[in-house]
file final.txt (compact mmCIF, C-alpha atoms and all ligand atoms)
# COMPACT_ATOMS: atom_id res chain seq x y z
CA MET Z 1072 125.34 217.49 4.74
CA SER Z 1073 122.28 216.29 6.64
CA LYS Z 1074 121.06 218.22 9.70
CA LYS Z 1075 121.77 215.20 11.90
CA HIS Z 1076 125.33 215.01 10.60
CA SER Z 1077 126.13 218.67 11.20
CA GLU Z 1078 124.71 218.53 14.74
CA ASN Z 1079 126.94 215.55 15.46
CA ASP Z 1080 129.96 217.48 14.19
CA LYS Z 1081 129.15 220.41 16.43
CA HIS Z 1082 129.27 218.19 19.49
CA LYS Z 1083 132.55 216.46 18.78
CA PRO Z 1084 134.83 216.94 21.77
CA HIS Z 1085 138.20 218.56 21.09
CA LEU Z 1086 140.05 215.60 22.62
CA LEU Z 1087 138.45 212.18 22.80
CA ALA Z 1088 139.95 208.96 24.18
CA ASN Z 1089 137.83 206.00 23.16
CA SER Z 1090 137.91 202.65 24.99
CA ILE Z 1091 141.57 202.81 26.02
CA THR Z 1092 142.95 199.63 27.57
CA LYS Z 1093 146.40 199.29 29.12
CA SER Z 1094 147.99 196.53 31.22
CA PHE Z 1095 151.31 196.39 33.04
CA GLY Z 1096 151.87 192.64 33.43
CA ALA Z 1097 148.98 191.39 35.54
CA VAL Z 1098 147.83 194.92 36.48
CA GLN Z 1099 145.05 196.23 34.25
CA ALA Z 1100 145.56 199.97 34.68
CA LEU Z 1101 142.90 201.04 32.12
CA LYS Z 1102 139.85 199.02 31.08
CA HIS Z 1103 138.01 200.47 28.09
CA MET Z 1104 138.46 203.97 29.48
CA ASP Z 1105 136.51 206.74 27.72
CA PHE Z 1106 137.45 210.37 28.24
CA GLU Z 1107 136.64 213.69 26.58
CA VAL Z 1108 137.31 217.39 26.96
CA ASN Z 1109 135.97 220.29 24.93
CA LYS Z 1110 137.61 223.53 23.85
CA GLY Z 1111 137.00 226.29 26.36
CA GLU Z 1112 136.54 223.75 29.12
CA VAL Z 1113 138.49 222.84 32.25
CA MET Z 1114 137.95 219.14 33.01
CA GLY Z 1115 138.96 217.60 36.35
CA LEU Z 1116 140.08 213.97 36.50
CA VAL Z 1117 139.72 212.27 39.88
CA GLY Z 1118 139.94 208.80 41.37
CA ASP Z 1119 141.65 206.94 44.17
CA ASN Z 1120 145.37 206.17 44.14
CA GLY Z 1121 146.02 203.67 41.38
CA ALA Z 1122 142.74 204.41 39.55
CA GLY Z 1123 144.69 204.96 36.32
CA LYS Z 1124 144.68 208.77 35.98
CA SER Z 1125 148.40 209.23 35.30
CA THR Z 1126 148.44 206.23 32.97
CA LEU Z 1127 145.70 207.83 30.85
CA LEU Z 1128 147.63 211.08 30.80
CA ARG Z 1129 150.86 209.32 29.80
CA ILE Z 1130 149.02 207.64 26.92
CA LEU Z 1131 147.67 211.02 25.77
CA THR Z 1132 151.21 212.42 25.78
CA GLY Z 1133 152.81 209.48 23.94
CA VAL Z 1134 154.88 208.27 26.89
CA GLU Z 1135 152.95 204.97 27.10
CA LYS Z 1136 151.30 203.09 24.26
CA PRO Z 1137 147.75 201.78 24.79
CA ASP Z 1138 147.07 198.07 24.22
CA SER Z 1139 143.89 199.09 22.41
CA GLY Z 1140 141.63 202.10 21.91
CA GLU Z 1141 141.93 205.33 19.92
CA VAL Z 1142 142.50 209.02 20.48
CA SER Z 1143 140.76 211.62 18.31
CA ILE Z 1144 141.21 215.35 18.04
CA ASP Z 1145 138.27 217.30 16.60
CA GLY Z 1146 136.86 214.01 15.38
CA ASN Z 1147 140.01 212.89 13.54
CA GLU Z 1148 141.73 209.76 14.80
CA THR Z 1149 145.22 210.82 15.88
CA LYS Z 1150 148.11 208.40 16.47
CA ILE Z 1151 150.16 209.49 19.47
CA SER Z 1152 153.10 207.11 19.50
CA SER Z 1153 155.72 209.44 20.96
CA PRO Z 1154 155.96 212.67 22.99
CA GLN Z 1155 156.79 214.46 19.71
CA ASP Z 1156 153.49 213.20 18.21
CA ALA Z 1157 151.70 214.73 21.22
CA VAL Z 1158 153.48 218.08 20.73
CA ASN Z 1159 152.59 218.00 17.02
CA ALA Z 1160 148.96 217.35 17.98
CA GLY Z 1161 148.98 220.44 20.23
CA ILE Z 1162 149.09 218.52 23.53
CA SER Z 1163 151.38 219.68 26.32
CA VAL Z 1164 151.74 218.42 29.86
CA VAL Z 1165 152.98 219.28 33.33
CA TYR Z 1166 153.83 216.01 35.09
CA GLN Z 1167 153.17 215.02 38.70
CA SER Z 1168 156.88 215.32 39.43
CA LEU Z 1169 158.02 218.58 37.92
CA ALA Z 1170 160.62 218.05 35.27
CA LEU Z 1171 162.46 221.35 35.68
CA CYS Z 1172 166.27 221.51 35.60
CA GLU Z 1173 167.74 222.84 38.84
CA ASN Z 1174 170.97 223.99 37.25
CA LEU Z 1175 169.28 226.14 34.60
CA SER Z 1176 167.69 229.57 34.89
CA ALA Z 1177 163.94 230.24 34.66
CA SER Z 1178 164.20 231.34 31.02
CA GLU Z 1179 166.48 228.43 30.06
CA ASN Z 1180 163.90 226.06 31.56
CA VAL Z 1181 161.11 227.65 29.51
CA PHE Z 1182 163.20 227.29 26.35
CA LEU Z 1183 164.64 223.84 27.12
CA GLY Z 1184 164.87 221.91 23.85
CA LYS Z 1185 163.88 224.95 21.75
CA GLU Z 1186 166.65 227.38 22.68
CA ILE Z 1187 167.09 230.58 20.72
CA LEU Z 1188 170.61 230.87 19.28
CA TYR Z 1189 172.45 233.97 18.12
CA THR Z 1190 171.91 234.32 14.41
CA TYR Z 1191 175.24 235.96 13.52
CA GLY Z 1192 177.53 233.74 11.51
CA ALA Z 1193 174.42 231.83 10.51
CA ASN Z 1194 176.09 230.22 7.54
CA PHE Z 1195 179.54 229.87 9.00
CA TYR Z 1196 179.08 228.15 12.36
CA PRO Z 1197 177.10 224.94 12.88
CA ASN Z 1198 174.27 225.30 15.42
CA ILE Z 1199 176.09 223.49 18.22
CA LEU Z 1200 178.82 226.15 18.22
CA LYS Z 1201 176.46 229.12 18.37
CA PRO Z 1202 175.91 230.70 21.80
CA LEU Z 1203 172.41 230.92 23.32
CA ASN Z 1204 170.66 234.22 22.89
CA LYS Z 1205 169.93 234.56 26.61
CA TYR Z 1206 168.65 238.14 26.29
CA LEU Z 1207 165.98 237.19 23.79
CA MET Z 1208 165.01 234.10 25.79
CA GLU Z 1209 164.71 236.18 28.96
CA ALA Z 1210 162.68 238.86 27.21
CA GLU Z 1211 160.26 236.24 25.82
CA THR Z 1212 159.98 234.46 29.18
CA LYS Z 1213 159.30 237.82 30.87
CA ARG Z 1214 156.59 238.56 28.32
CA SER Z 1215 154.88 235.18 28.72
CA LEU Z 1216 154.96 235.40 32.54
CA GLU Z 1217 153.56 238.95 32.32
CA ASN Z 1218 150.79 237.73 30.03
CA LEU Z 1219 149.94 235.13 32.66
CA LYS Z 1220 150.20 237.79 35.40
CA VAL Z 1221 152.83 235.72 37.21
CA ASP Z 1222 154.86 238.47 38.85
CA SER Z 1223 156.56 236.58 41.67
CA ILE Z 1224 159.52 235.27 39.64
CA LYS Z 1225 161.88 238.23 39.64
CA TYR Z 1226 165.16 236.85 38.37
CA LEU Z 1227 164.78 235.01 35.11
CA ASN Z 1228 168.51 234.60 34.57
CA GLN Z 1229 169.30 232.84 37.88
CA LYS Z 1230 169.23 229.13 38.55
CA ILE Z 1231 165.78 228.04 39.66
CA ASN Z 1232 166.87 226.23 42.83
CA GLY Z 1233 165.84 229.31 44.86
CA LEU Z 1234 162.22 229.25 43.60
CA SER Z 1235 159.31 228.11 45.78
CA GLY Z 1236 157.10 225.16 44.79
CA GLY Z 1237 154.36 227.53 43.59
CA GLN Z 1238 156.76 229.55 41.48
CA ARG Z 1239 158.17 226.36 39.94
CA GLN Z 1240 154.68 225.12 39.14
CA CYS Z 1241 153.81 228.44 37.46
CA LEU Z 1242 157.05 228.27 35.48
CA ALA Z 1243 156.35 224.68 34.41
CA ILE Z 1244 152.86 225.73 33.25
CA ALA Z 1245 154.30 228.75 31.40
CA ARG Z 1246 156.72 226.40 29.68
CA ALA Z 1247 153.95 223.99 28.73
CA ILE Z 1248 151.78 226.65 27.13
CA HIS Z 1249 154.73 228.38 25.47
CA SER Z 1250 154.68 225.68 22.82
CA ASN Z 1251 151.32 227.01 21.52
CA SER Z 1252 149.49 223.89 22.53
CA ASP Z 1253 145.70 224.04 22.76
CA ILE Z 1254 145.38 220.99 25.01
CA LEU Z 1255 147.02 221.36 28.41
CA LEU Z 1256 147.23 218.39 30.78
CA LEU Z 1257 148.19 218.98 34.43
CA ASP Z 1258 148.94 216.05 36.76
CA GLU Z 1259 148.34 217.17 40.37
CA PRO Z 1260 149.47 220.77 39.89
CA THR Z 1261 148.66 221.74 43.50
CA SER Z 1262 149.97 218.71 45.37
CA ALA Z 1263 152.76 219.59 47.79
CA LEU Z 1264 151.94 223.32 47.69
CA GLY Z 1265 151.06 225.57 50.62
CA LEU Z 1266 147.84 227.60 50.73
CA SER Z 1267 149.02 230.79 49.06
CA GLN Z 1268 151.05 228.91 46.46
CA THR Z 1269 148.01 226.78 45.66
CA GLU Z 1270 145.96 229.97 45.17
CA GLN Z 1271 148.68 231.31 42.87
CA VAL Z 1272 148.53 228.19 40.68
CA LEU Z 1273 144.70 228.03 40.68
CA SER Z 1274 144.44 231.66 39.66
CA LEU Z 1275 146.93 230.99 36.84
CA ILE Z 1276 144.79 228.06 35.63
CA LYS Z 1277 141.71 230.34 35.62
CA LYS Z 1278 143.60 232.77 33.37
CA LEU Z 1279 144.56 229.95 31.03
CA ARG Z 1280 140.94 229.12 30.30
CA THR Z 1281 140.31 230.50 26.82
CA ALA Z 1282 137.74 229.62 24.19
CA ASP Z 1283 140.25 227.70 22.09
CA ARG Z 1284 142.07 225.77 24.82
CA ALA Z 1285 141.08 222.52 26.54
CA ILE Z 1286 142.54 221.93 30.02
CA VAL Z 1287 142.61 218.71 32.06
CA ILE Z 1288 143.59 218.72 35.73
CA ILE Z 1289 144.24 215.61 37.80
CA SER Z 1290 143.85 216.28 41.51
CA HIS Z 1291 142.88 214.66 44.81
CA HIS Z 1292 141.67 218.05 46.10
CA LEU Z 1293 138.01 218.38 45.17
CA SER Z 1294 137.84 221.92 46.56
CA HIS Z 1295 140.60 222.99 44.13
CA LEU Z 1296 138.74 221.38 41.24
CA TYR Z 1297 135.48 223.10 42.25
CA GLU Z 1298 137.36 226.39 42.01
CA VAL Z 1299 138.50 225.97 38.41
CA CYS Z 1300 136.66 223.13 36.63
CA ASP Z 1301 133.46 222.97 34.58
CA ARG Z 1302 133.16 219.18 34.75
CA ILE Z 1303 134.82 216.29 36.54
CA THR Z 1304 135.46 212.80 35.19
CA VAL Z 1305 135.62 210.14 37.91
CA MET Z 1306 137.77 207.04 37.42
CA LYS Z 1307 137.66 203.84 39.41
CA ALA Z 1308 139.85 200.79 38.76
CA GLY Z 1309 140.78 201.94 35.25
CA GLN Z 1310 137.26 202.88 34.15
CA ASN Z 1311 135.21 206.03 33.65
CA VAL Z 1312 132.44 205.82 36.26
CA GLY Z 1313 130.92 209.24 35.70
CA VAL Z 1314 131.22 212.68 34.15
CA PHE Z 1315 129.68 215.37 36.34
CA SER Z 1316 128.85 218.99 35.63
CA LEU Z 1317 129.97 220.82 38.76
CA HIS Z 1318 127.00 223.20 38.61
CA HIS Z 1319 124.68 220.27 39.29
CA THR Z 1320 126.74 218.04 41.56
CA SER Z 1321 127.66 218.14 45.23
CA GLU Z 1322 131.06 217.09 46.58
CA GLU Z 1323 129.31 214.19 48.35
CA GLU Z 1324 128.10 212.80 45.02
CA ILE Z 1325 131.62 212.97 43.58
CA ILE Z 1326 133.08 211.29 46.66
CA ARG Z 1327 130.45 208.55 46.38
CA ALA Z 1328 131.42 207.95 42.76
CA ILE Z 1329 135.13 207.84 43.69
CA THR Z 1330 134.63 205.39 46.54
CA ILE Z 1331 131.70 203.24 45.43
CA GLY Z 1332 132.19 203.73 41.71
CA GLU Z 1333 128.52 204.20 40.81
CA VAL Z 1334 128.32 204.55 37.07
CA VAL Z 1335 126.52 207.84 36.33
CA ILE Z 1336 128.00 208.86 32.98
CA ASN Z 1337 127.10 212.46 32.05
CA LYS Z 1338 125.13 213.91 34.90
N1 LIG Z 1401 155.07 201.62 34.60
C1 LIG Z 1401 154.28 200.85 35.35
N2 LIG Z 1401 154.61 199.57 35.64
C2 LIG Z 1401 153.79 198.78 36.36
N3 LIG Z 1401 152.61 199.19 36.87
C3 LIG Z 1401 152.25 200.45 36.65
C4 LIG Z 1401 153.05 201.35 35.87
N4 LIG Z 1401 152.41 202.55 35.80
C5 LIG Z 1401 151.26 202.40 36.48
N5 LIG Z 1401 151.16 201.16 36.99
C6 LIG Z 1401 150.03 200.62 37.76
O1 LIG Z 1401 148.85 201.01 37.10
C7 LIG Z 1401 147.84 201.39 38.03
C8 LIG Z 1401 147.40 202.82 37.74
O2 LIG Z 1401 148.46 203.69 38.09
P1 LIG Z 1401 148.40 205.28 37.88
O3 LIG Z 1401 149.73 205.82 38.19
O4 LIG Z 1401 147.84 205.55 36.53
O5 LIG Z 1401 147.32 205.70 38.99
P2 LIG Z 1401 146.87 207.15 39.46
O6 LIG Z 1401 145.37 207.19 39.35
O7 LIG Z 1401 147.63 208.19 38.75
O8 LIG Z 1401 147.26 207.11 41.01
P3 LIG Z 1401 147.79 208.30 41.98
O9 LIG Z 1401 146.59 209.07 42.41
O10 LIG Z 1401 148.40 207.54 43.13
O11 LIG Z 1401 148.81 209.13 41.24
C9 LIG Z 1401 148.45 201.19 39.41
O12 LIG Z 1401 148.08 199.93 39.89
C10 LIG Z 1401 149.94 201.27 39.15
O13 LIG Z 1401 150.66 200.53 40.12
MG MG Z 1402 149.03 209.67 39.34
call {"tool": "encode", "arguments": {"input": "final.txt", "output": "structure tokens", "more": "lines below"}}
Ligand SMILES: Nc1ncnc2c1ncn2[C@@H]1O[C@H](COP(=O)(O)OP(=O)(O)OP(=O)(O)O)[C@@H](O)[C@H]1O
Ligand SMILES: [Mg+2]
result
Amino acid sequence: MSKKHSENDKHKPHLLANSITKSFGAVQALKHMDFEVNKGEVMGLVGDNGAGKSTLLRILTGVEKPDSGEVSIDGNETKISSPQDAVNAGISVVYQSLALCENLSASENVFLGKEILYTYGANFYPNILKPLNKYLMEAETKRSLENLKVDSIKYLNQKINGLSGGQRQCLAIARAIHSNSDILLLDEPTSALGLSQTEQVLSLIKKLRTADRAIVIISHHLSHLYEVCDRITVMKAGQNVGVFSLHHTSEEEIIRAITIGEVVINK
């Protein structure tokens, strides 16, 4: 392999979206949108309302199909045509509106869709007749929350309708990473949270940064992004108008890119 080739390989982003275009009728939500995030990196994604942030995220999670463009993981083109494709590709997501089930407990929410069943009578009873192994699910949920140092959710076996917004957000994040994904996408994880709950979620995100995980956070709160991100991608009207390293960029420059849309890719 030539030197040039191996250097190129080294710099392949973990997740790359290349020239993604998506229209809803007359609305062009994404126009040749490029996006990348590396392993070990926390990437912010910002832009005004309607800039196309959530649409990009829904394409990366297989909820929407792009009209054109490709997604690659570690340099390999990856078809994401359904949410299951995204899970198989190691991508998990916490949506803008939290999709937790009010009538289930914390541990049942973490295990929703991948419940642990009692194994006795394994050959005799079909799966739908086997009871849930709530003890094992609770023990696993407790262990994953402890690993994340989330200690504010005391009762894992009670319905979650008594949990605060911050606790719910932490639970939704714990659920997302429980599936062993190495790409975590968060759509406005701190919107609608009070100060201390926001701090709780930001400190959880800092703990999630590991060398083999790529994290993307959509937010309108630049100060929150400055607390946890390495770089920020700015979108305007469905396009990437700049990727900024936060060590070298002031909030004013980011705001200028959001509002005026100056194209300054890779500062
Ligand atoms: N399912 C849909 N049907 C029709 N139009 C849509 C649909 N989803 C998104 N859009 C349009 O696409 C554009 C981009 O929307 P999107 O939700 O991606 O923006 P956003 O950057 O996430 O905004 P916000 O910050 O308000 O969440 C908007 O004009 C929106 O109205
Ligand atoms: Mg959105």
call {"tool": "closest_residue", "arguments": {"input": "final.txt", "among": "Z:Asp1105, Z:Glu1209, Z:Asp1156, Z:Asp1258", "to": "ligand MG 1402 (chain Z)", "atoms": "all atoms listed in the file"}}
result
Z:Asp1258
call {"tool": "closest_atom_pairs", "arguments": {"input": "final.txt", "of": "range 1218-1283 of chain Z", "to": "range 1125-1141 of chain Z", "cutoff": "12 Å", "atoms": "only C-alpha atoms", "output": "Markdown table"}}
result
| residue | atom | partner | partner_atom | distance |
| --- | --- | --- | --- | --- |
| Z:Ile1254 | CA | Z:Leu1131 | CA | 10.3 |
| Z:Leu1255 | CA | Z:Thr1132 | CA | 10.2 |
| Z:Leu1256 | CA | Z:Leu1128 | CA | 7.3 |
| Z:Leu1257 | CA | Z:Leu1128 | CA | 8.7 |
| Z:Asp1258 | CA | Z:Ser1125 | CA | 7.0 |
| Z:Glu1259 | CA | Z:Ser1125 | CA | 9.4 |
call {"tool": "closest_residue", "arguments": {"input": "final.txt", "among": "Z:Ser1262, Z:Ser1252, Z:Asn1180, Z:Ser1152", "to": "ligand MG 1402 (chain Z)", "atoms": "all atoms listed in the file"}}
result
Z:Ser1262
call {"tool": "closest_atom_pairs", "arguments": {"input": "final.txt", "of": "chain Z", "to": "ligand LIG 1401 (chain Z)", "cutoff": "9 Å", "atoms": "all atoms listed in the file", "output": "JSON lines"}}
result
{"residue": "Z:Lys1093", "atom": "CA", "partner": "Z:LIG1401", "partner_atom": "O1", "distance": 8.5}
{"residue": "Z:Ser1094", "atom": "CA", "partner": "Z:LIG1401", "partner_atom": "O1", "distance": 7.4}
{"residue": "Z:Phe1095", "atom": "CA", "partner": "Z:LIG1401", "partner_atom": "C2", "distance": 4.8}
{"residue": "Z:Gly1096", "atom": "CA", "partner": "Z:LIG1401", "partner_atom": "C2", "distance": 7.1}
{"residue": "Z:Ala1097", "atom": "CA", "partner": "Z:LIG1401", "partner_atom": "N3", "distance": 8.7}
{"residue": "Z:Val1098", "atom": "CA", "partner": "Z:LIG1401", "partner_atom": "O12", "distance": 6.1}
{"residue": "Z:Gln1099", "atom": "CA", "partner": "Z:LIG1401", "partner_atom": "O1", "distance": 6.7}
{"residue": "Z:Ala1100", "atom": "CA", "partner": "Z:LIG1401", "partner_atom": "O1", "distance": 4.2}
{"residue": "Z:Leu1101", "atom": "CA", "partner": "Z:LIG1401", "partner_atom": "C8", "distance": 7.4}
{"residue": "Z:Val1117", "atom": "CA", "partner": "Z:LIG1401", "partner_atom": "O6", "distance": 7.6}
{"residue": "Z:Gly1118", "atom": "CA", "partner": "Z:LIG1401", "partner_atom": "O6", "distance": 6.0}
{"residue": "Z:Asp1119", "atom": "CA", "partner": "Z:LIG1401", "partner_atom": "O9", "distance": 5.7}
{"residue": "Z:Asn1120", "atom": "CA", "partner": "Z:LIG1401", "partner_atom": "O10", "distance": 3.5}
{"residue": "Z:Gly1121", "atom": "CA", "partner": "Z:LIG1401", "partner_atom": "O5", "distance": 3.4}
{"residue": "Z:Ala1122", "atom": "CA", "partner": "Z:LIG1401", "partner_atom": "O6", "distance": 3.8}
{"residue": "Z:Gly1123", "atom": "CA", "partner": "Z:LIG1401", "partner_atom": "O4", "distance": 3.2}
{"residue": "Z:Lys1124", "atom": "CA", "partner": "Z:LIG1401", "partner_atom": "O6", "distance": 3.8}
{"residue": "Z:Ser1125", "atom": "CA", "partner": "Z:LIG1401", "partner_atom": "O7", "distance": 3.7}
{"residue": "Z:Thr1126", "atom": "CA", "partner": "Z:LIG1401", "partner_atom": "O4", "distance": 3.7}
{"residue": "Z:Leu1127", "atom": "CA", "partner": "Z:LIG1401", "partner_atom": "O4", "distance": 6.5}
{"residue": "Z:Leu1128", "atom": "CA", "partner": "Z:LIG1401", "partner_atom": "O4", "distance": 8.0}
{"residue": "Z:Arg1129", "atom": "CA", "partner": "Z:LIG1401", "partner_atom": "O4", "distance": 8.3}
{"residue": "Z:Glu1135", "atom": "CA", "partner": "Z:LIG1401", "partner_atom": "N1", "distance": 8.5}
{"residue": "Z:Gln1167", "atom": "CA", "partner": "Z:LIG1401", "partner_atom": "O11", "distance": 7.8}
{"residue": "Z:Asp1258", "atom": "CA", "partner": "Z:LIG1401", "partner_atom": "O7", "distance": 8.2}
{"residue": "Z:Glu1259", "atom": "CA", "partner": "Z:LIG1401", "partner_atom": "O11", "distance": 8.1}
{"residue": "Z:Ile1289", "atom": "CA", "partner": "Z:LIG1401", "partner_atom": "O7", "distance": 8.2}
{"residue": "Z:Ser1290", "atom": "CA", "partner": "Z:LIG1401", "partner_atom": "O9", "distance": 7.8}
{"residue": "Z:His1291", "atom": "CA", "partner": "Z:LIG1401", "partner_atom": "O9", "distance": 7.1}
{"residue": "Z:Met1306", "atom": "CA", "partner": "Z:LIG1401", "partner_atom": "O6", "distance": 7.8}
{"residue": "Z:Lys1307", "atom": "CA", "partner": "Z:LIG1401", "partner_atom": "O6", "distance": 8.4}
{"residue": "Z:Ala1308", "atom": "CA", "partner": "Z:LIG1401", "partner_atom": "C8", "distance": 7.9}
{"residue": "Z:Gly1309", "atom": "CA", "partner": "Z:LIG1401", "partner_atom": "C8", "distance": 7.1}
call {"tool": "atom_distance", "arguments": {"input": "final.txt", "atom1": "CA of Gly1237 in chain Z", "atom2": "CA of Ala1285 in chain Z"}}
result
22.2 Å
call {"tool": "atom_distance", "arguments": {"input": "final.txt", "atom1": "CA of Lys1110 in chain Z", "atom2": "CA of Gly1146 in chain Z"}}
result
12.8 Å
call {"tool": "closest_residue", "arguments": {"input": "final.txt", "among": "Z:Asn1109, Z:Ile1144, Z:Pro1260, Z:Ala1243", "to": "ligand MG 1402 (chain Z)", "atoms": "only C-alpha atoms and all ligand atoms"}}
result
Z:Pro1260
call {"tool": "closest_residue", "arguments": {"input": "final.txt", "among": "Z:Ser1163, Z:Ser1321, Z:Thr1092, Z:Thr1304", "to": "Leu1116 in chain Z", "atoms": "all atoms listed in the file"}}
result
Z:Thr1304
